[in-house]
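Raw contents of coords25.tsv, TSV, C-alpha atoms and all ligand atoms:
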```tsv
chain	number	residue	atom	x	y	z
A	16	MET	CA	0.00	0.00	0.00
A	17	ALA	CA	2.87	2.33	0.77
A	18	ALA	CA	4.05	1.89	-2.81
A	19	ILE	CA	0.74	3.07	-4.15
A	20	VAL	CA	0.80	6.14	-1.97
A	21	ARG	CA	4.32	6.90	-3.15
A	22	ASN	CA	3.19	6.56	-6.73
A	23	VAL	CA	0.37	8.97	-6.12
A	24	VAL	CA	2.75	11.47	-4.57
A	25	ASN	CA	5.19	11.11	-7.45
A	26	TRP	CA	2.45	11.43	-9.98
A	27	SER	CA	1.21	14.68	-8.52
A	28	ALA	CA	4.76	15.98	-8.16
A	29	GLN	CA	5.38	15.32	-11.84
A	30	GLN	CA	2.18	17.05	-12.80
A	31	GLY	CA	2.65	19.87	-10.34
A	32	HIS	CA	4.11	22.40	-12.77
A	33	SER	CA	1.85	21.80	-15.72
A	34	SER	CA	-1.50	22.66	-14.29
A	35	SER	CA	-3.74	22.39	-17.30
A	36	GLN	CA	-7.42	22.10	-16.51
A	37	ILE	CA	-7.57	18.67	-18.11
A	38	GLN	CA	-4.95	17.19	-15.82
A	39	ARG	CA	-6.53	18.67	-12.76
A	40	ASP	CA	-9.83	17.09	-13.73
A	41	MET	CA	-8.35	13.62	-13.88
A	42	CYS	CA	-8.63	11.10	-11.04
A	43	GLU	CA	-5.86	11.66	-8.50
A	44	VAL	CA	-5.13	7.96	-8.26
A	45	CYS	CA	-5.20	6.54	-11.78
A	46	GLY	CA	-4.94	9.82	-13.69
A	47	LYS	CA	-6.77	8.15	-16.55
A	48	LYS	CA	-10.42	8.80	-15.95
A	49	PRO	CA	-12.13	12.07	-15.05
A	50	LYS	CA	-12.98	12.85	-11.46
A	51	PHE	CA	-16.44	11.84	-10.30
A	52	VAL	CA	-18.71	14.87	-10.13
A	53	GLU	CA	-21.99	15.05	-8.29
A	54	ARG	CA	-24.07	18.19	-8.01
A	55	GLY	CA	-21.19	20.55	-8.54
A	56	HIS	CA	-18.94	18.79	-6.08
A	57	LYS	CA	-15.86	17.14	-7.52
A	58	HIS	CA	-14.48	14.06	-5.80
A	59	PRO	CA	-10.73	13.54	-6.08
A	60	TYR	CA	-11.22	10.07	-7.61
A	61	CYS	CA	-12.94	8.57	-10.62
A	62	SER	CA	-14.40	5.58	-8.82
A	63	ARG	CA	-14.66	3.62	-5.63
A	64	THR	CA	-11.78	1.43	-6.76
A	65	CYS	CA	-9.42	4.39	-6.97
A	66	ALA	CA	-10.77	5.94	-3.76
A	67	GLY	CA	-10.09	2.62	-2.05
A	68	LYS	CA	-6.45	2.75	-3.11
A	69	THR	CA	-5.73	5.73	-0.94
A	70	SER	CA	-4.37	3.62	1.90
A	71	GLY	CA	-6.77	3.55	4.81
A	72	GLY	CA	-9.08	6.05	3.24
A	73	ILE	CA	-10.12	9.63	3.45
A	74	GLY	CA	-9.79	10.01	7.22
A	75	LYS	CA	-6.25	8.82	7.63
A	76	ALA	CA	-4.76	8.99	4.17
A	77	SER	CA	-1.32	10.47	4.16
A	78	SER	CA	-1.34	11.34	0.48
A	79	PRO	CA	-1.19	15.11	-0.05
A	80	THR	CA	-3.57	14.72	-2.98
A	81	THR	CA	-6.44	13.71	-0.71
A	82	THR	CA	-9.12	16.33	-0.77
A	83	THR	CA	-9.91	18.62	2.11
A	84	HIS	CA	-13.13	19.65	0.43
A	85	LEU	CA	-15.27	16.73	1.41
A	86	THR	CA	-17.51	18.91	3.53
A	87	VAL	CA	-16.56	22.48	2.77
A	88	ASN	CA	-18.08	23.40	-0.53
A	89	THR	CA	-16.44	25.36	-3.28
A	90	ALA	CA	-19.28	24.96	-5.77
A	91	SER	CA	-22.72	26.48	-5.91
A	92	ASN	CA	-24.73	23.87	-3.98
A	93	THR	CA	-24.41	25.04	-0.41
A	94	CYS	CA	-26.63	24.41	2.61
A	95	LEU	CA	-29.87	26.40	2.42
A	96	LEU	CA	-29.56	27.62	6.01
A	97	THR	CA	-28.62	31.28	5.77
A	98	GLY	CA	-24.94	31.75	6.51
A	99	CYS	CA	-23.90	28.11	6.17
A	100	ASN	CA	-21.37	27.33	3.45
A	101	TYR	CA	-21.22	23.58	3.73
A	102	ASP	CA	-22.15	21.18	0.95
A	103	ALA	CA	-25.86	20.48	0.63
A	104	VAL	CA	-26.10	16.71	0.93
A	105	PHE	CA	-29.29	16.34	2.95
A	106	GLN	CA	-32.45	17.72	1.36
A	107	GLY	CA	-30.73	20.91	0.36
A	108	PHE	CA	-29.01	21.25	3.72
A	109	CYS	CA	-25.64	20.13	5.02
A	110	ASP	CA	-27.21	17.90	7.66
A	111	PRO	CA	-30.53	17.23	9.45
A	112	VAL	CA	-29.65	19.65	12.25
A	113	HIS	CA	-29.41	22.64	9.89
A	114	ALA	CA	-32.56	21.48	8.11
A	115	MET	CA	-34.43	21.56	11.42
A	116	GLU	CA	-32.92	24.92	12.31
A	117	ALA	CA	-34.13	26.43	9.03
A	118	VAL	CA	-37.65	25.14	9.78
A	119	LYS	CA	-37.51	26.58	13.28
A	120	LEU	CA	-36.37	29.95	11.96
A	121	GLY	CA	-39.15	29.95	9.38
A	122	GLN	CA	-36.73	29.96	6.44
A	123	ILE	CA	-38.52	26.95	4.95
A	124	ASP	CA	-41.85	25.17	5.51
A	125	GLY	CA	-41.86	22.26	7.92
A	126	CYS	CA	-43.22	18.77	7.28
A	127	ASP	CA	-46.94	18.26	7.95
A	128	LYS	CA	-46.31	15.07	9.85
A	129	CYS	CA	-43.18	15.45	11.98
A	130	HIS	CA	-43.07	19.28	11.87
A	131	ASP	CA	-39.28	19.11	12.38
A	132	GLN	CA	-37.85	18.51	8.92
A	133	PRO	CA	-38.34	20.69	5.85
A	134	VAL	CA	-40.83	19.67	3.19
A	135	SER	CA	-39.24	17.77	0.36
A	136	THR	CA	-39.66	19.07	-3.16
A	137	ASN	CA	-39.95	15.48	-4.36
A	138	ALA	CA	-42.54	14.44	-1.80
A	139	ARG	CA	-46.15	14.15	-2.85
A	140	PRO	CA	-48.89	15.85	-0.82
A	141	SER	CA	-49.74	14.02	2.39
A	142	ARG	CA	-52.93	12.04	2.61
A	143	GLY	CA	-56.01	13.81	3.87
A	144	SER	CA	-54.67	17.21	2.96
A	145	SER	CA	-54.74	18.80	-0.43
A	146	THR	CA	-52.00	21.30	0.28
A	147	GLY	CA	-49.88	19.47	2.87
A	148	LYS	CA	-46.35	18.31	2.16
A	149	LEU	CA	-44.06	15.82	3.85
A	150	CYS	CA	-40.33	15.77	4.52
A	151	ALA	CA	-38.19	13.19	2.72
A	152	GLY	CA	-38.10	10.84	5.72
A	153	CYS	CA	-41.86	10.85	6.30
A	154	ASP	CA	-42.45	10.54	2.56
A	155	ARG	CA	-40.09	7.58	2.35
A	156	ALA	CA	-41.85	5.97	5.33
A	157	LEU	CA	-45.18	6.40	3.53
A	158	ARG	CA	-43.80	4.85	0.36
A	159	GLY	CA	-42.15	1.99	2.25
A	160	GLY	CA	-38.48	2.89	1.57
A	161	THR	CA	-35.47	1.96	3.71
A	162	GLN	CA	-35.53	3.48	7.17
A	163	LEU	CA	-33.18	3.52	10.14
A	164	LYS	CA	-34.00	3.19	13.81
A	165	GLU	CA	-31.51	3.86	16.58
A	166	LEU	CA	-31.15	1.13	19.20
A	167	GLY	CA	-30.51	2.08	22.82
A	168	SER	CA	-27.38	0.53	24.32
A	169	ARG	CA	-29.55	-1.44	26.77
A	170	ASP	CA	-31.73	-2.85	24.00
A	171	SER	CA	-31.34	-6.62	23.77
A	172	LYS	CA	-30.80	-6.32	20.00
A	173	PHE	CA	-27.97	-3.83	20.58
A	174	ARG	CA	-26.25	-6.23	22.96
A	175	GLU	CA	-26.75	-9.17	20.64
A	176	VAL	CA	-25.31	-7.33	17.61
A	177	ARG	CA	-22.34	-6.06	19.63
A	178	LYS	CA	-21.65	-9.49	21.12
A	179	GLN	CA	-21.69	-11.12	17.69
A	180	LEU	CA	-19.50	-8.44	16.10
A	181	ILE	CA	-16.86	-8.66	18.83
A	182	GLY	CA	-17.13	-12.46	19.00
A	183	ASN	CA	-16.45	-12.82	15.27
A	184	TRP	CA	-13.76	-10.12	15.17
A	185	ASN	CA	-10.64	-12.08	14.42
A	186	THR	CA	-7.48	-10.17	13.64
A	187	ARG	CA	-3.98	-10.83	14.83
A	188	ASN	CA	-2.19	-8.28	17.02
A	189	GLU	CA	-4.97	-5.76	16.85
A	190	GLY	CA	-7.37	-4.64	19.54
A	191	LEU	CA	-11.12	-5.15	19.57
A	192	PRO	CA	-13.54	-2.37	18.63
A	193	THR	CA	-15.77	-0.40	20.94
A	194	VAL	CA	-19.33	-0.35	19.63
A	195	ASP	CA	-20.63	3.22	20.00
A	196	LYS	CA	-23.99	3.20	18.25
A	197	ILE	CA	-26.22	0.85	16.30
A	198	TYR	CA	-28.97	1.68	13.82
A	199	GLN	CA	-31.39	-1.05	12.88
A	200	VAL	CA	-32.14	-1.05	9.14
A	201	LEU	CA	-35.82	-1.40	8.33
A	202	VAL	CA	-35.69	-2.98	4.90
A	203	PRO	CA	-38.50	-2.22	2.41
A	204	ARG	CA	-41.12	-4.92	2.04
A	205	ASP	CA	-40.43	-5.55	-1.66
A	206	GLN	CA	-36.76	-6.24	-0.92
A	207	LEU	CA	-37.73	-8.62	1.91
A	208	SER	CA	-39.96	-10.57	-0.46
A	209	ARG	CA	-37.22	-10.74	-3.12
A	210	TYR	CA	-34.93	-12.11	-0.41
A	211	ALA	CA	-37.53	-14.70	0.64
A	212	SER	CA	-38.13	-15.78	-2.98
A	213	TYR	CA	-34.42	-16.07	-3.63
A	214	ARG	CA	-34.02	-18.20	-0.53
A	215	LYS	CA	-36.66	-20.61	-1.82
A	216	THR	CA	-34.61	-21.25	-4.96
A	217	LEU	CA	-31.77	-22.69	-2.87
A	218	THR	CA	-31.79	-26.20	-1.48
A	219	ASN	CA	-30.69	-26.38	2.16
A	220	SER	CA	-30.19	-22.65	2.39
A	221	ARG	CA	-28.91	-21.02	5.54
A	222	GLU	CA	-28.75	-17.44	6.71
A	223	ILE	CA	-25.45	-16.11	7.95
A	224	ARG	CA	-24.28	-12.80	9.43
A	225	THR	CA	-21.63	-10.99	7.42
A	226	TYR	CA	-20.12	-7.50	7.50
A	227	HIS	CA	-19.60	-4.89	4.82
A	228	ALA	CA	-17.62	-1.67	5.08
A	229	SER	CA	-16.97	0.91	2.42
A	230	LEU	CA	-15.95	4.41	1.61
A	231	MET	CA	-17.88	6.68	3.96
A	232	LEU	CA	-18.25	10.34	3.04
A	233	CYS	CA	-20.74	11.55	5.63
A	234	ASP	CA	-20.72	11.63	9.41
A	235	LEU	CA	-23.44	9.03	9.86
A	236	GLY	CA	-24.11	8.42	13.53
A	237	THR	CA	-23.45	11.96	14.71
A	238	LYS	CA	-26.73	13.60	13.69
A	239	GLY	CA	-29.36	10.94	14.11
A	240	PRO	CA	-30.44	7.99	11.96
A	241	CYS	CA	-30.48	9.66	8.53
A	242	LEU	CA	-28.76	8.42	5.36
A	243	CYS	CA	-26.96	11.04	3.28
A	244	GLU	CA	-27.49	11.53	-0.44
A	245	ARG	CA	-23.88	11.65	-1.61
A	246	LYS	CA	-23.41	9.31	-4.53
A	247	GLY	CA	-19.85	8.74	-3.39
A	248	CYS	CA	-20.92	7.58	0.06
A	249	GLY	CA	-20.64	3.80	0.09
A	250	ILE	CA	-22.53	2.99	3.30
A	251	CYS	CA	-25.52	5.25	2.59
A	252	SER	CA	-25.75	4.15	-1.07
A	253	VAL	CA	-25.68	0.47	-0.15
A	254	VAL	CA	-28.22	0.71	2.67
A	255	ARG	CA	-30.61	2.93	0.72
A	256	SER	CA	-30.48	0.72	-2.39
A	257	SER	CA	-30.36	-2.65	-0.58
A	258	PHE	CA	-26.99	-3.47	-2.20
A	259	LYS	CA	-28.02	-2.46	-5.71
A	260	THR	CA	-25.81	0.64	-5.78
A	261	PHE	CA	-22.35	1.06	-4.30
A	262	ALA	CA	-20.23	4.19	-3.83
A	263	PHE	CA	-19.88	6.29	-7.00
A	264	GLU	CA	-22.99	4.67	-8.47
A	265	GLU	CA	-21.25	1.40	-9.24
A	266	GLU	CA	-23.69	-1.47	-9.61
A	267	TYR	CA	-21.55	-4.24	-8.23
A	268	GLU	CA	-18.21	-4.94	-6.63
A	269	GLN	CA	-15.31	-6.62	-8.34
A	270	GLY	CA	-13.56	-9.49	-6.59
A	271	ARG	CA	-12.10	-12.96	-6.77
A	272	PHE	CA	-15.37	-14.43	-8.10
A	273	GLY	CA	-16.05	-11.59	-10.52
A	274	GLN	CA	-18.88	-9.08	-10.33
A	275	GLY	CA	-21.16	-9.29	-7.34
A	276	ILE	CA	-21.29	-8.47	-3.64
A	277	TYR	CA	-18.48	-9.25	-1.22
A	278	THR	CA	-18.92	-9.29	2.54
A	279	PHE	CA	-17.00	-10.86	5.42
A	280	VAL	CA	-17.96	-13.22	8.24
A	281	ASN	CA	-15.02	-11.73	10.14
A	282	PRO	CA	-15.75	-8.04	10.82
A	283	GLY	CA	-12.03	-7.49	11.40
A	284	LEU	CA	-11.52	-8.06	7.65
A	285	ALA	CA	-14.44	-5.82	6.68
A	286	ASP	CA	-12.83	-3.12	8.81
A	287	LYS	CA	-9.89	-3.00	6.39
A	288	GLU	CA	-12.30	-1.45	3.88
A	289	ALA	CA	-13.79	1.05	6.30
A	290	THR	CA	-12.83	4.61	5.48
A	291	THR	CA	-14.39	7.51	7.27
A	292	SER	CA	-14.91	11.18	6.63
A	293	THR	CA	-12.74	13.59	8.56
A	294	THR	CA	-15.77	14.96	10.39
A	295	SER	CA	-16.86	11.63	11.87
A	296	PRO	CA	-15.56	10.19	15.13
A	297	TYR	CA	-16.79	6.73	14.10
A	298	ARG	CA	-15.82	3.90	11.86
A	299	VAL	CA	-18.90	2.39	10.26
A	300	MET	CA	-19.89	-1.03	8.95
A	301	ILE	CA	-23.08	-2.79	7.92
A	302	ALA	CA	-24.08	-6.05	9.60
A	303	CYS	CA	-25.82	-8.06	6.88
A	304	ASP	CA	-28.10	-11.06	6.60
A	305	VAL	CA	-26.93	-13.26	3.75
A	306	VAL	CA	-28.53	-16.42	2.47
A	307	VAL	CA	-26.20	-19.05	1.05
A	308	SER	CA	-26.60	-22.65	-0.04
A	309	ALA	CA	-25.36	-25.42	2.23
A	310	GLU	CA	-22.48	-26.15	-0.16
A	311	GLN	CA	-21.13	-22.61	-0.38
A	312	GLU	CA	-17.91	-22.13	1.52
A	313	VAL	CA	-18.02	-19.44	4.16
A	314	PRO	CA	-14.38	-18.69	4.96
A	315	ASP	CA	-13.35	-16.85	8.09
A	316	ASP	CA	-10.22	-15.51	6.44
A	317	ASP	CA	-11.69	-14.31	3.16
A	318	SER	CA	-14.80	-12.75	1.65
A	319	VAL	CA	-18.21	-14.34	1.09
A	320	PHE	CA	-19.53	-13.84	-2.43
A	321	VAL	CA	-23.12	-13.49	-3.56
A	322	ALA	CA	-24.02	-12.69	-7.14
A	323	SER	CA	-27.37	-11.01	-6.51
A	324	SER	CA	-28.63	-8.26	-4.22
A	325	ASP	CA	-31.63	-10.52	-3.57
A	326	ALA	CA	-29.33	-12.73	-1.47
A	327	ILE	CA	-28.39	-10.01	1.01
A	328	ASN	CA	-30.03	-7.50	3.33
A	329	SER	CA	-28.64	-4.76	5.52
A	330	ALA	CA	-29.66	-5.60	9.07
A	331	TYR	CA	-27.79	-3.07	11.22
A	332	ILE	CA	-25.38	-0.18	10.78
A	333	VAL	CA	-22.70	-0.26	13.46
A	334	MET	CA	-20.76	2.84	14.49
A	335	TYR	CA	-17.58	1.80	16.31
A	336	SER	CA	-14.12	2.96	17.24
A	337	MET	CA	-10.78	1.19	17.55
A	401	ZN	ZN	-9.19	6.55	-11.07
A	402	ZN	ZN	-25.63	23.91	6.98
A	403	ZN	ZN	-41.54	14.64	8.37
A	404	ZN	ZN	-23.47	8.85	3.78
```

Show the structure stored in the file as structure tokens.
Ligand SMILES: [Zn+2]
Ligand SMILES: [Zn+2]
Ligand SMILES: [Zn+2]
Ligand SMILES: [Zn+2]
Amino acid sequence: MAAIVRNVVNWSAQQGHSSSQIQRDMCEVCGKKPKFVERGHKHPYCSRTCAGKTSGGIGKASSPTTTTHLTVNTASNTCLLTGCNYDAVFQGFCDPVHAMEAVKLGQIDGCDKCHDQPVSTNARPSRGSSTGKLCAGCDRALRGGTQLKELGSRDSKFREVRKQLIGNWNTRNEGLPTVDKIYQVLVPRDQLSRYASYRKTLTNSREIRTYHASLMLCDLGTKGPCLCERKGCGICSVVRSSFKTFAFEEEYEQGRFGQGIYTFVNPGLADKEATTSTTSPYRVMIACDVVVSAEQEVPDDDSVFVASSDAINSAYIVMYSM
């Protein structure tokens, strides 16, 4: 990994004096493909693959080419709260707290149902009211989309998830994590039925717990159970789409068995792929339910492969620290 970082440094050093716009718009890792752009914000990399090569990720990368603009915006799409210059990644705001503040200050209309969050421009009028509007969360709840629910640390589910994560954590010479927070993922009904149908196609199927970590661009866990809308954010993309979309809008992962979804029985191995934003105190991973056939090998020292998103569900999002 050190070699890759050195290459990145050398590459940028070589390019340092010829600062044509084209070169600056190329991925800072491969230099071959353009940087990924979403809503006016330019990521330093072309893809999740290149982002993953930055040795330990955004939070701890030592490469000087790593962006410092992950939250501070230089483009036009800033938080709608007057005076805030951060990137708008949550319903036009930088985070749910500023969204609620804008509602409180009367800068934007509040949701008819929860009264806390701003009305969403995409939401349809609420039932029983011709003029009423809902926030994105309440609208998603109405339409049956993915939702998150925070578990208290005394909740039996919290203790069970933590016990399993720590029990399966198997890395040499490294400490065990501290589990800080857990969000339960409430999977949409249509995904649950796809999962059930898929399971029926397998003979002697069994359900196992695996873990998935990814590039994380938001500070999930610090502002309540809300997924962000950044296309580059691996955890939020995966949970929202039920493993149909990964960071940078990729539709699958690439691995030793080809295109599909790779997770780990050993959370210590998943942790190697956990990268966090500089504003988050947590590392984050998804605890998944995976259905496999009786014959499929489930190695403790390598990844578990499934070819279809119907074979896997997000069960919990775990915020932890090392
Ligand atoms: Zn690249
Ligand atoms: Zn803001
Ligand atoms: Zn609402
Ligand atoms: Zn996110």

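Shortest atom-to-atom contact with ligand ZN 403 (chain A) among A:Lys287, A:Lys164, A:Lys128, A:Arg255: A:Lys128, counting all atoms listed in the file.
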
Closest atom pairs, chain A residues within 8 Å of ligand ZN 404 (chain A), all atoms listed in the file, as a Markdown table:
```
| residue | atom | partner | partner_atom | distance |
| --- | --- | --- | --- | --- |
| A:Met231 | CA | A:ZN404 | ZN | 6.0 |
| A:Leu232 | CA | A:ZN404 | ZN | 5.5 |
| A:Cys233 | CA | A:ZN404 | ZN | 4.3 |
| A:Asp234 | CA | A:ZN404 | ZN | 6.9 |
| A:Leu235 | CA | A:ZN404 | ZN | 6.1 |
| A:Leu242 | CA | A:ZN404 | ZN | 5.5 |
| A:Cys243 | CA | A:ZN404 | ZN | 4.2 |
| A:Glu244 | CA | A:ZN404 | ZN | 6.4 |
| A:Arg245 | CA | A:ZN404 | ZN | 6.1 |
| A:Cys248 | CA | A:ZN404 | ZN | 4.7 |
| A:Gly249 | CA | A:ZN404 | ZN | 6.9 |
| A:Ile250 | CA | A:ZN404 | ZN | 6.0 |
| A:Cys251 | CA | A:ZN404 | ZN | 4.3 |
| A:Ser252 | CA | A:ZN404 | ZN | 7.1 |
```

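Closest approach to Phe272 of chain A among A:Val253, A:Leu230, A:Val319, A:Phe258: A:Val319, based on all atoms listed in the file.
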
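Neighbours of ligand ZN 401 (chain A) at a cut-off of 10 Å, computed so that only C-alpha atoms and all ligand atoms are counted, are the residues Met41, Cys42, Glu43, Val44, Cys45, Gly46, Lys47, Lys48, Pro49, Lys50, Phe51, Pro59, Tyr60, Cys61, Ser62, Arg63, Thr64, Cys65, Ala66, Gly67 and Lys68 of chain A.
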
Practice task
Please check which protein, DNA or RNA residues sit within 8 Å of ligand ZN 402 (chain A), counting only C-alpha atoms and all ligand atoms, and write them as a PyMOL selection string.
Solution key: chain A and resi 93-96+98-103+108-110+112-114

Practice task
Find the residues near ligand ZN 403 (chain A). Use a cut-off of 10 Å, count all atoms listed in the file, and write them as number ranges by chain.
Solution key: A: 125-135, 148-156

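The space between atom CA of Pro282 of chain A and atom CA of Thr225 of chain A spans 7.4 Å.
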
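Among the candidates A:Val176, A:Val307, A:Leu157, A:Val104, the one nearest to Thr216 of chain A when counting all atoms listed in the file is A:Val307.
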
Practice task
Would you mind telling me which residue in A:Gln162, A:Ile123, A:Asp286, A:Ser208 lies nearest to Glu189 of chain A when using only C-alpha atoms?
Solution key: A:Asp286

Handout entry: Distance query Gly182 of chain A at most 12 Å, all atoms listed in the file, self and fewer than 4 positions along chain excluded, as a ChimeraX atom specification
Key = /A:174-178,186,191-192,224,280-283

Exercise for the section: Could you tell me how far atom CA of Ser229 of chain A lies from atom CA of Gln179 of chain A, in Å and to one decimal? Expected result: 20.0 Å

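Nearest-residue note for Ala309 of chain A: choosing from A:Val254, A:Ile276, A:Cys241, A:Ile223, the minimum distance belongs to A:Ile223, counting only C-alpha atoms.
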
Handout entry: Between atom CA of Cys303 of chain A and atom CA of Val202 of chain A - distance in Å to one decimal
Key = 11.3 Å

Exercise for the section: Would you mind listing what lies within 9 Å of Asp304 of chain A as an NGL selection string, with all atoms listed in the file counted and same-chain residues fewer than 4 positions away left out? Expected result: :A and (222-226 or 326-330)

Exercise for the section: Pick out the residues sitting within 10 Å of Leu207 of chain A, and hand them over as number ranges by chain; count all atoms listed in the file, and ignore anything fewer than 2 positions along from it in its own chain. Expected result: A: 201-205, 209-213, 257, 325-328
